[in-house]
$ cat target-v4.csv   # CSV, C-alpha atoms and all ligand atoms
chain,number,residue,atom,x,y,z
A,1,LYS,CA,20.3,-7.2,3.2
A,2,ILE,CA,16.6,-6.5,2.4
A,3,LEU,CA,14.1,-8.9,1.0
A,4,VAL,CA,11.0,-7.4,-0.7
A,5,ILE,CA,8.1,-9.9,-1.0
A,6,GLY,CA,5.5,-8.9,-3.6
A,7,ALA,CA,8.1,-6.8,-5.4
A,8,CYS,CA,6.2,-6.9,-8.7
A,9,GLY,CA,3.1,-5.3,-7.2
A,10,GLN,CA,1.8,-1.7,-7.5
A,11,LEU,CA,3.7,-0.6,-4.3
A,12,GLY,CA,6.4,-3.3,-4.4
A,13,SER,CA,7.8,-2.3,-7.8
A,14,GLU,CA,8.3,1.3,-6.9
A,15,LEU,CA,9.5,0.7,-3.3
A,16,THR,CA,12.1,-1.9,-4.5
A,17,LEU,CA,13.6,0.7,-6.9
A,18,THR,CA,13.7,3.3,-4.1
A,19,LEU,CA,15.3,0.9,-1.7
A,20,ARG,CA,17.9,-0.1,-4.3
A,21,SER,CA,18.7,3.5,-5.0
A,22,MET,CA,19.2,4.0,-1.2
A,23,TYR,CA,21.1,0.8,-0.3
A,24,GLY,CA,22.6,-0.4,-3.6
A,25,ASP,CA,21.0,-2.8,-6.1
A,26,ASN,CA,22.7,-5.9,-4.8
A,27,ASN,CA,21.5,-5.3,-1.2
A,28,VAL,CA,17.8,-5.5,-2.0
A,29,VAL,CA,16.5,-8.9,-3.1
A,30,ALA,CA,13.2,-8.7,-5.0
A,31,SER,CA,10.8,-11.6,-4.9
A,32,ASP,CA,7.4,-12.4,-6.3
A,33,LEU,CA,5.4,-15.3,-7.8
A,34,ARG,CA,6.5,-14.3,-11.3
A,35,GLU,CA,9.6,-13.0,-13.1
A,36,PRO,CA,10.0,-9.2,-13.1
A,37,ASP,CA,10.1,-7.0,-16.1
A,38,GLY,CA,11.8,-3.7,-16.6
A,39,ASP,CA,14.0,-2.1,-14.0
A,40,LEU,CA,13.3,-4.7,-11.3
A,41,ALA,CA,15.5,-7.1,-13.2
A,42,ASN,CA,18.5,-4.9,-12.4
A,43,GLY,CA,19.2,-6.6,-9.1
A,44,PRO,CA,18.8,-9.9,-7.3
A,45,PHE,CA,15.5,-11.6,-7.8
A,46,GLU,CA,13.9,-14.8,-6.5
A,47,ILE,CA,10.6,-16.5,-7.4
A,48,LEU,CA,8.9,-17.0,-4.1
A,49,ASN,CA,5.5,-18.2,-2.9
A,50,VAL,CA,5.5,-16.6,0.6
A,51,LEU,CA,3.1,-19.4,1.8
A,52,ASN,CA,6.0,-21.8,1.4
A,53,LYS,CA,7.9,-21.4,4.7
A,54,THR,CA,10.8,-23.5,3.6
A,55,ASP,CA,11.5,-21.5,0.5
A,56,LEU,CA,11.2,-18.3,2.5
A,57,ALA,CA,13.7,-19.5,5.0
A,58,ASN,CA,16.1,-20.7,2.3
A,59,ILE,CA,16.0,-17.3,0.6
A,60,VAL,CA,16.6,-15.5,3.9
A,61,ASP,CA,19.7,-17.8,4.6
A,62,LYS,CA,21.0,-17.7,1.0
A,63,HIS,CA,21.1,-13.9,0.9
A,64,THR,CA,21.7,-13.2,4.6
A,65,ILE,CA,18.5,-11.1,4.8
A,66,SER,CA,18.2,-8.9,7.9
A,67,GLN,CA,15.1,-6.9,6.9
A,68,ILE,CA,11.8,-8.0,5.1
A,69,TYR,CA,9.2,-5.8,3.5
A,70,HIS,CA,6.2,-8.1,3.1
A,71,LEU,CA,3.9,-6.5,0.6
A,72,ALA,CA,2.2,-9.5,-1.0
A,73,ALA,CA,-1.6,-9.5,-0.4
A,74,ILE,CA,-4.9,-9.9,-2.2
A,75,LEU,CA,-6.5,-6.4,-2.2
A,76,SER,CA,-10.1,-5.5,-1.3
A,77,ALA,CA,-12.0,-6.0,-4.6
A,78,LYS,CA,-10.2,-9.1,-5.7
A,79,GLY,CA,-10.5,-10.5,-2.1
A,80,GLU,CA,-14.3,-10.5,-2.3
A,81,LYS,CA,-14.1,-12.8,-5.4
A,82,ASP,CA,-12.2,-15.5,-3.5
A,83,PRO,CA,-12.6,-14.8,0.3
A,84,LYS,CA,-11.0,-18.1,1.5
A,85,PHE,CA,-7.9,-17.7,-0.6
A,86,ALA,CA,-7.6,-14.0,0.3
A,87,TRP,CA,-7.7,-14.8,4.0
A,88,ASP,CA,-5.3,-17.7,3.6
A,89,LEU,CA,-2.7,-15.7,1.7
A,90,ASN,CA,-3.0,-12.5,3.6
A,91,MET,CA,-3.0,-14.1,7.1
A,92,ASN,CA,-0.6,-17.1,6.7
A,93,SER,CA,2.0,-15.2,4.7
A,94,LEU,CA,2.2,-12.6,7.5
A,95,LEU,CA,2.5,-15.3,10.2
A,96,ASN,CA,5.2,-17.0,8.2
A,97,VAL,CA,7.2,-13.8,8.0
A,98,LEU,CA,6.7,-12.9,11.7
A,99,GLU,CA,7.6,-16.5,12.9
A,100,LEU,CA,10.8,-16.4,10.7
A,101,ALA,CA,11.7,-12.9,12.0
A,102,ARG,CA,11.4,-14.3,15.6
A,103,ASP,CA,13.3,-17.5,14.7
A,104,LYS,CA,16.2,-15.8,13.0
A,105,ASN,CA,16.1,-12.6,15.0
A,106,LEU,CA,15.7,-10.4,11.9
A,107,GLU,CA,16.5,-6.7,12.4
A,108,LYS,CA,13.2,-5.1,11.1
A,109,ILE,CA,10.0,-6.1,9.3
A,110,TYR,CA,7.7,-3.9,7.3
A,111,TRP,CA,4.1,-4.9,6.7
A,112,PRO,CA,1.4,-2.7,5.1
A,113,SER,CA,-2.1,-2.3,6.7
A,114,SER,CA,-4.8,-0.2,5.1
A,115,ILE,CA,-7.8,2.1,5.8
A,116,ALA,CA,-9.7,-1.0,5.0
A,117,VAL,CA,-9.4,-2.0,8.7
A,118,PHE,CA,-12.1,0.6,9.3
A,119,GLY,CA,-15.8,-0.3,8.7
A,120,PRO,CA,-19.4,1.1,8.6
A,121,ASN,CA,-19.4,2.0,12.3
A,122,THR,CA,-16.0,3.7,12.3
A,123,PRO,CA,-16.3,7.5,12.6
A,124,SER,CA,-15.8,8.5,8.9
A,125,LEU,CA,-14.4,12.0,9.2
A,126,ASN,CA,-10.9,12.4,10.6
A,127,THR,CA,-10.9,8.8,11.6
A,128,PRO,CA,-8.8,8.5,14.9
A,129,GLN,CA,-5.8,6.2,15.4
A,130,HIS,CA,-7.7,4.3,18.1
A,131,THR,CA,-11.4,3.8,17.3
A,132,VAL,CA,-14.2,1.3,16.5
A,133,MET,CA,-13.0,-1.0,13.7
A,134,ASP,CA,-15.6,-3.3,12.0
A,135,PRO,CA,-14.2,-4.1,8.6
A,136,ASN,CA,-16.6,-6.0,6.3
A,137,THR,CA,-14.3,-7.1,3.5
A,138,VAL,CA,-12.0,-10.1,3.8
A,139,TYR,CA,-9.1,-7.9,3.0
A,140,GLY,CA,-10.0,-5.5,5.8
A,141,ILE,CA,-10.6,-8.4,8.3
A,142,SER,CA,-7.2,-9.8,7.4
A,143,LYS,CA,-5.5,-6.4,7.8
A,144,LEU,CA,-7.1,-5.9,11.2
A,145,ALA,CA,-6.1,-9.4,12.3
A,146,GLY,CA,-2.6,-8.8,10.9
A,147,GLU,CA,-2.2,-5.6,12.9
A,148,ARG,CA,-3.1,-7.5,16.1
A,149,TRP,CA,-0.5,-10.1,15.3
A,150,CYS,CA,2.2,-7.5,14.6
A,151,GLU,CA,1.6,-5.9,17.9
A,152,TYR,CA,1.6,-9.3,19.6
A,153,TYR,CA,4.9,-10.3,18.0
A,154,PHE,CA,6.5,-7.0,19.1
A,155,GLU,CA,5.2,-7.2,22.7
A,156,LYS,CA,5.8,-10.9,23.2
A,157,TYR,CA,8.9,-11.6,21.2
A,158,GLY,CA,10.5,-8.2,20.5
A,159,VAL,CA,10.1,-8.5,16.7
A,160,ASP,CA,10.6,-4.9,15.4
A,161,VAL,CA,7.7,-5.0,12.9
A,162,ARG,CA,6.4,-1.6,11.6
A,163,SER,CA,3.3,-0.8,9.7
A,164,LEU,CA,1.2,1.9,8.0
A,165,ARG,CA,-2.5,2.1,7.3
A,166,TYR,CA,-2.2,3.2,3.6
A,167,PRO,CA,-5.0,5.1,2.0
A,168,GLY,CA,-5.6,4.5,-1.7
A,169,LEU,CA,-2.2,4.7,-3.4
A,170,ILE,CA,-2.1,6.6,-6.7
A,171,GLY,CA,0.8,6.2,-9.0
A,172,TYR,CA,1.4,5.8,-12.7
A,173,LYS,CA,4.7,3.8,-13.0
A,174,SER,CA,3.0,0.5,-12.0
A,175,LYS,CA,-0.4,-1.0,-12.5
A,176,PRO,CA,-2.7,-1.4,-9.5
A,177,GLY,CA,-3.9,-4.9,-8.6
A,178,GLY,CA,-7.5,-5.4,-7.7
A,179,GLY,CA,-8.2,-2.5,-5.3
A,180,THR,CA,-11.3,-0.4,-4.8
A,181,THR,CA,-9.3,2.9,-5.1
A,182,ASP,CA,-7.8,1.8,-8.4
A,183,TYR,CA,-10.3,4.1,-10.3
A,184,ALA,CA,-8.0,7.0,-9.4
A,185,VAL,CA,-5.2,5.3,-11.3
A,186,ASP,CA,-7.3,4.1,-14.2
A,187,ILE,CA,-8.8,7.6,-14.7
A,188,PHE,CA,-5.4,9.0,-15.8
A,189,TYR,CA,-4.7,6.3,-18.4
A,190,LYS,CA,-8.2,6.6,-19.8
A,191,ALA,CA,-8.0,10.5,-19.8
A,192,LEU,CA,-4.8,10.3,-21.9
A,193,GLU,CA,-5.8,7.3,-24.1
A,194,ASP,CA,-9.6,7.8,-24.6
A,195,GLY,CA,-10.4,11.3,-23.3
A,196,SER,CA,-13.1,9.9,-21.2
A,197,TYR,CA,-13.6,7.5,-18.2
A,198,GLU,CA,-16.5,5.5,-16.7
A,199,SER,CA,-16.0,5.5,-12.9
A,200,PHE,CA,-17.0,2.4,-11.0
A,201,LEU,CA,-17.6,4.6,-7.9
A,202,SER,CA,-20.3,7.3,-7.7
A,203,GLU,CA,-19.3,11.0,-8.2
A,204,ASN,CA,-19.3,12.0,-4.5
A,205,THR,CA,-17.5,9.0,-3.1
A,206,TYR,CA,-14.8,10.6,-0.9
A,207,LEU,CA,-11.8,8.4,0.0
A,208,PRO,CA,-8.5,9.0,1.7
A,209,MET,CA,-5.8,8.9,-1.0
A,210,MET,CA,-2.0,9.4,-1.3
A,211,TYR,CA,0.4,9.9,-4.2
A,212,MET,CA,2.8,6.9,-4.5
A,213,ASP,CA,5.9,9.1,-3.8
A,214,ASP,CA,4.4,10.2,-0.5
A,215,ALA,CA,3.6,6.5,0.4
A,216,ILE,CA,7.1,5.5,-0.3
A,217,LYS,CA,8.5,8.4,1.7
A,218,ALA,CA,6.2,7.5,4.7
A,219,THR,CA,7.4,3.9,4.5
A,220,ILE,CA,11.1,4.8,4.4
A,221,ASP,CA,10.7,7.5,7.1
A,222,LEU,CA,9.0,5.0,9.4
A,223,MET,CA,11.6,2.3,8.8
A,224,GLU,CA,14.4,4.7,9.4
A,225,ALA,CA,13.0,6.2,12.6
A,226,VAL,CA,14.8,5.2,15.8
A,227,LYS,CA,13.0,2.5,17.6
A,228,GLU,CA,12.2,4.6,20.6
A,229,LYS,CA,10.0,7.0,18.5
A,230,ILE,CA,7.7,4.2,17.5
A,231,GLN,CA,4.9,4.1,20.0
A,232,ILE,CA,2.3,2.3,17.9
A,233,ARG,CA,3.0,-1.3,17.0
A,234,SER,CA,-0.3,-2.2,15.4
A,235,SER,CA,-0.3,0.2,12.4
A,236,TYR,CA,-0.1,4.0,11.9
A,237,ASN,CA,-2.9,6.1,10.4
A,238,VAL,CA,-1.2,8.1,7.6
A,239,ALA,CA,-3.0,10.5,5.2
A,240,ALA,CA,-2.4,13.0,2.5
A,241,ILE,CA,-5.5,14.0,0.5
A,242,SER,CA,-9.2,13.0,0.2
A,243,PHE,CA,-11.1,13.4,-3.0
A,244,SER,CA,-14.1,12.1,-5.0
A,245,PRO,CA,-14.3,11.0,-8.6
A,246,LYS,CA,-15.9,14.3,-9.4
A,247,GLU,CA,-13.1,16.3,-7.8
A,248,ILE,CA,-10.2,14.4,-9.5
A,249,ALA,CA,-12.1,14.6,-12.9
A,250,GLY,CA,-12.4,18.4,-12.4
A,251,GLU,CA,-8.6,18.6,-11.6
A,252,ILE,CA,-7.8,16.6,-14.8
A,253,MET,CA,-10.1,18.9,-16.9
A,254,LYS,CA,-7.9,21.8,-15.9
A,255,HIS,CA,-5.2,20.1,-18.0
A,256,LEU,CA,-7.5,18.3,-20.6
A,257,PRO,CA,-10.5,20.5,-21.1
A,258,ASN,CA,-12.3,17.9,-23.3
A,259,PHE,CA,-12.0,15.1,-20.8
A,260,SER,CA,-15.4,13.7,-19.7
A,261,ILE,CA,-16.4,11.3,-16.9
A,262,THR,CA,-19.5,9.1,-16.5
A,263,TYR,CA,-20.5,7.1,-13.4
A,264,ASN,CA,-21.5,3.4,-13.3
A,265,PRO,CA,-21.1,2.2,-9.7
A,266,ASP,CA,-20.4,-1.6,-9.3
A,267,PHE,CA,-19.9,-3.9,-6.3
A,268,ARG,CA,-16.9,-1.8,-5.3
A,269,GLN,CA,-19.2,1.0,-4.3
A,270,SER,CA,-20.3,-0.8,-1.1
A,271,ILE,CA,-16.7,-1.4,-0.2
A,272,ALA,CA,-15.8,2.3,-0.6
A,273,ASP,CA,-18.9,3.3,1.4
A,274,SER,CA,-17.7,1.2,4.3
A,275,TRP,CA,-14.4,3.2,4.5
A,276,PRO,CA,-13.6,6.6,6.0
A,277,ASP,CA,-13.7,9.9,4.1
A,278,SER,CA,-10.7,11.3,5.8
A,279,ILE,CA,-8.1,10.1,8.4
A,280,ASP,CA,-6.5,11.7,11.5
A,281,ASP,CA,-2.8,11.0,11.2
A,282,SER,CA,-1.6,13.3,14.0
A,283,GLU,CA,0.2,10.4,15.8
A,284,ALA,CA,2.4,9.7,12.8
A,285,ARG,CA,3.1,13.4,12.4
A,286,LYS,CA,3.9,13.8,16.1
A,287,GLN,CA,5.9,10.6,16.7
A,288,TRP,CA,8.2,10.3,13.6
A,289,GLY,CA,7.6,13.6,11.6
A,290,TRP,CA,5.3,12.3,8.9
A,291,GLN,CA,4.4,15.1,6.4
A,292,HIS,CA,2.9,14.6,3.0
A,293,GLN,CA,4.2,16.6,0.0
A,294,PHE,CA,1.6,16.1,-2.7
A,295,ASP,CA,-1.9,17.7,-2.8
A,296,LEU,CA,-4.5,16.9,-5.4
A,297,SER,CA,-3.3,19.6,-7.8
A,298,LYS,CA,0.4,18.6,-7.6
A,299,MET,CA,-0.4,14.9,-7.9
A,300,THR,CA,-2.5,15.4,-11.0
A,301,SER,CA,0.0,17.5,-12.9
A,302,THR,CA,2.8,15.1,-11.9
A,303,ILE,CA,0.9,12.0,-13.0
A,304,LEU,CA,-0.3,13.6,-16.3
A,305,SER,CA,3.2,14.7,-17.3
A,306,GLY,CA,4.8,11.5,-16.2
A,307,LEU,CA,2.2,9.2,-17.8
A,308,ARG,CA,2.3,11.2,-21.0
A,309,ASP,CA,6.0,10.6,-21.3
A,310,LEU,CA,5.6,6.9,-20.4
A,311,LEU,CA,2.9,6.3,-23.0
A,312,ASN,CA,4.8,8.3,-25.7
A,313,HIS,CA,7.9,6.3,-24.9
A,314,GLN,CA,6.0,3.0,-25.1
A,315,THR,CA,4.5,3.9,-28.5
A,316,GLY,CA,8.0,4.8,-29.6
B,1,LIG,C1,-7.6,-1.4,-2.1
B,1,LIG,N1,-5.7,0.0,-2.8
B,1,LIG,O1,-8.3,-0.7,-2.7
B,1,LIG,C2,-6.2,-0.9,-1.8
B,1,LIG,C3,-6.2,-0.1,-0.5
B,1,LIG,C4,-7.4,1.6,0.9
B,1,LIG,C5,-7.3,0.9,-0.4
B,1,LIG,O2,-6.1,-0.9,0.6
B,1,LIG,O3,-7.9,-2.5,-1.7

$ encode --input "target-v4.csv" --output "structure tokens" --more "lines below"
Ligand code: VAH
Amino acid sequence: KILVIGACGQLGSELTLTLRSMYGDNNVVASDLREPDGDLANGPFEILNVLNKTDLANIVDKHTISQIYHLAAILSAKGEKDPKFAWDLNMNSLLNVLELARDKNLEKIYWPSSIAVFGPNTPSLNTPQHTVMDPNTVYGISKLAGERWCEYYFEKYGVDVRSLRYPGLIGYKSKPGGGTTDYAVDIFYKALEDGSYESFLSENTYLPMMYMDDAIKATIDLMEAVKEKIQIRSSYNVAAISFSPKEIAGEIMKHLPNFSITYNPDFRQSIADSWPDSIDDSEARKQWGWQHQFDLSKMTSTILSGLRDLLNHQTG
């Protein structure tokens, strides 16, 4: 059975539903700090603080878990507000999961890394798989250290842990949680609700991004790949699209001609400036057939129609 840690998060909630549709509701145990709402309640759920090793081990034993997707973390912007806690949670939770996987000889572990592992001295165009990495956010530092630990536990103890360096993930079915790329989610809600959006990043801030369905497909493809194909045990570069606030606003205006955007950069601008503009993910494409499906135009029309239905449904 599969355990998803952080199942109520932006990625966790959609990934849990996908895993349940693939393996059956009762074979995917969702867990988080708080009770789920909506569809997540349609399967087994456990309240879990992943920093509590005993609780984690008890849940693994109780449900005979063989795979763990560990998605709980404090993201980039939120991490800068409480650096020590962000480091403690992001780092020690991963070490708890890796140690447990080793102890109980779990079959597979999934842990997300991020383009946040790159920093100001990393080449910013077509950032290579192997390159200079000088992250200057606590989140990025914890993800870089985490990648090193994943590779260590694979090499030293044979733990089959797999990882992707996600770009900004853009979806509409779940709310984002404290990231720097969240403007690209917020903009859709504001476009439909207010007709205008004030961006906290400047107009030409290019960032690597990916529609949520592509991110989930990449995760499943990686976890389903035969072991021999996985040559990288730190974390794979994966990419789909790169765009700026100005570009996504322009795409939205094709559907909502009266939509307007203003720019008021805040502390998140410096985080975005430290990250790449685009990513070279040729290793993932070569080794396990990664291929994105959503470009900016398809993502925008998909989100606008999906979110319109969601908001209409909510207002009843
Ligand atoms: C963040 N959404 O903004 C996350 C992600 C690359 C961005 O890691 O922190």

$ residues_near_ligand --input "target-v4.csv" --ligand "ligand LIG 1 (chain B)" --cutoff "7 Å" --atoms "all atoms listed in the file" --output "list in words"
Leu75, Ser76, Ala77, Ser114, Ile115, Ala116, Tyr166, Pro167, Gly168, Leu169, Gly178, Gly179, Thr180, Thr181 and Asp182 of chain A

$ atom_distance --input "target-v4.csv" --atom1 "atom CA of A:Arg165" --atom2 "atom CA of A:Val97"
18.6 Å

$ closest_residue --input "target-v4.csv" --among "A:Ala73, A:Leu144, A:Ile261, A:Leu11" --to "A:Ser234" --atoms "only C-alpha atoms"
A:Leu144

$ atom_distance --input "target-v4.csv" --atom1 "atom CA of A:Val28" --atom2 "atom CA of A:Ile2"
4.7 Å

$ residues_around --input "target-v4.csv" --residues "A:Lys217" --least-positions-apart "6" --cutoff "10 Å" --atoms "all atoms listed in the file" --output "ChimeraX atom specification"
/A:15,18,223,290-293

$ residues_around --input "target-v4.csv" --residues "A:Glu193" --least-positions-apart "6" --cutoff "10 Å" --atoms "all atoms listed in the file" --output "VMD selection string"
chain A and resid 187 308 311

$ residues_near_point --input "target-v4.csv" --point "(13.5, -13.3, 19.8)" --cutoff "9 Å" --atoms "all atoms listed in the file" --output "PyMOL selection string"
chain A and resi 101-106+156-159

$ build_atoms --input "target-v4.csv" --residues "stretch 203-217 of chain A" --atoms "N, CA and C atoms" --output "CSV table (one decimal), keeping the file's coordinate frame"
chain,number,residue,atom,x,y,z
A,203,GLU,N,-20.1,9.7,-8.0
A,203,GLU,CA,-19.3,11.0,-8.2
A,203,GLU,C,-18.9,11.6,-6.9
A,204,ASN,N,-19.7,11.4,-5.8
A,204,ASN,CA,-19.3,12.0,-4.5
A,204,ASN,C,-18.7,11.1,-3.5
A,205,THR,N,-18.1,10.0,-4.0
A,205,THR,CA,-17.5,9.0,-3.1
A,205,THR,C,-16.1,9.5,-2.6
A,206,TYR,N,-16.1,10.1,-1.4
A,206,TYR,CA,-14.8,10.6,-0.9
A,206,TYR,C,-14.0,9.5,-0.3
A,207,LEU,N,-12.7,9.4,-0.6
A,207,LEU,CA,-11.8,8.4,0.0
A,207,LEU,C,-10.5,9.0,0.3
A,208,PRO,N,-9.8,8.6,1.4
A,208,PRO,CA,-8.5,9.0,1.7
A,208,PRO,C,-7.5,8.4,0.6
A,209,MET,N,-6.7,9.3,0.1
A,209,MET,CA,-5.8,8.9,-1.0
A,209,MET,C,-4.4,9.5,-0.8
A,210,MET,N,-3.4,8.9,-1.5
A,210,MET,CA,-2.0,9.4,-1.3
A,210,MET,C,-1.2,9.1,-2.6
A,211,TYR,N,-0.5,10.1,-3.1
A,211,TYR,CA,0.4,9.9,-4.2
A,211,TYR,C,1.5,8.9,-3.8
A,212,MET,N,1.9,8.0,-4.8
A,212,MET,CA,2.8,6.9,-4.5
A,212,MET,C,4.1,7.4,-3.9
A,213,ASP,N,4.6,8.6,-4.4
A,213,ASP,CA,5.9,9.1,-3.8
A,213,ASP,C,5.8,9.4,-2.3
A,214,ASP,N,4.6,9.9,-1.9
A,214,ASP,CA,4.4,10.2,-0.5
A,214,ASP,C,4.3,8.8,0.3
A,215,ALA,N,3.7,7.8,-0.3
A,215,ALA,CA,3.6,6.5,0.4
A,215,ALA,C,4.9,5.9,0.6
A,216,ILE,N,5.8,6.1,-0.4
A,216,ILE,CA,7.1,5.5,-0.3
A,216,ILE,C,8.0,6.3,0.7
A,217,LYS,N,7.8,7.6,0.7
A,217,LYS,CA,8.5,8.4,1.7
A,217,LYS,C,8.0,8.1,3.1
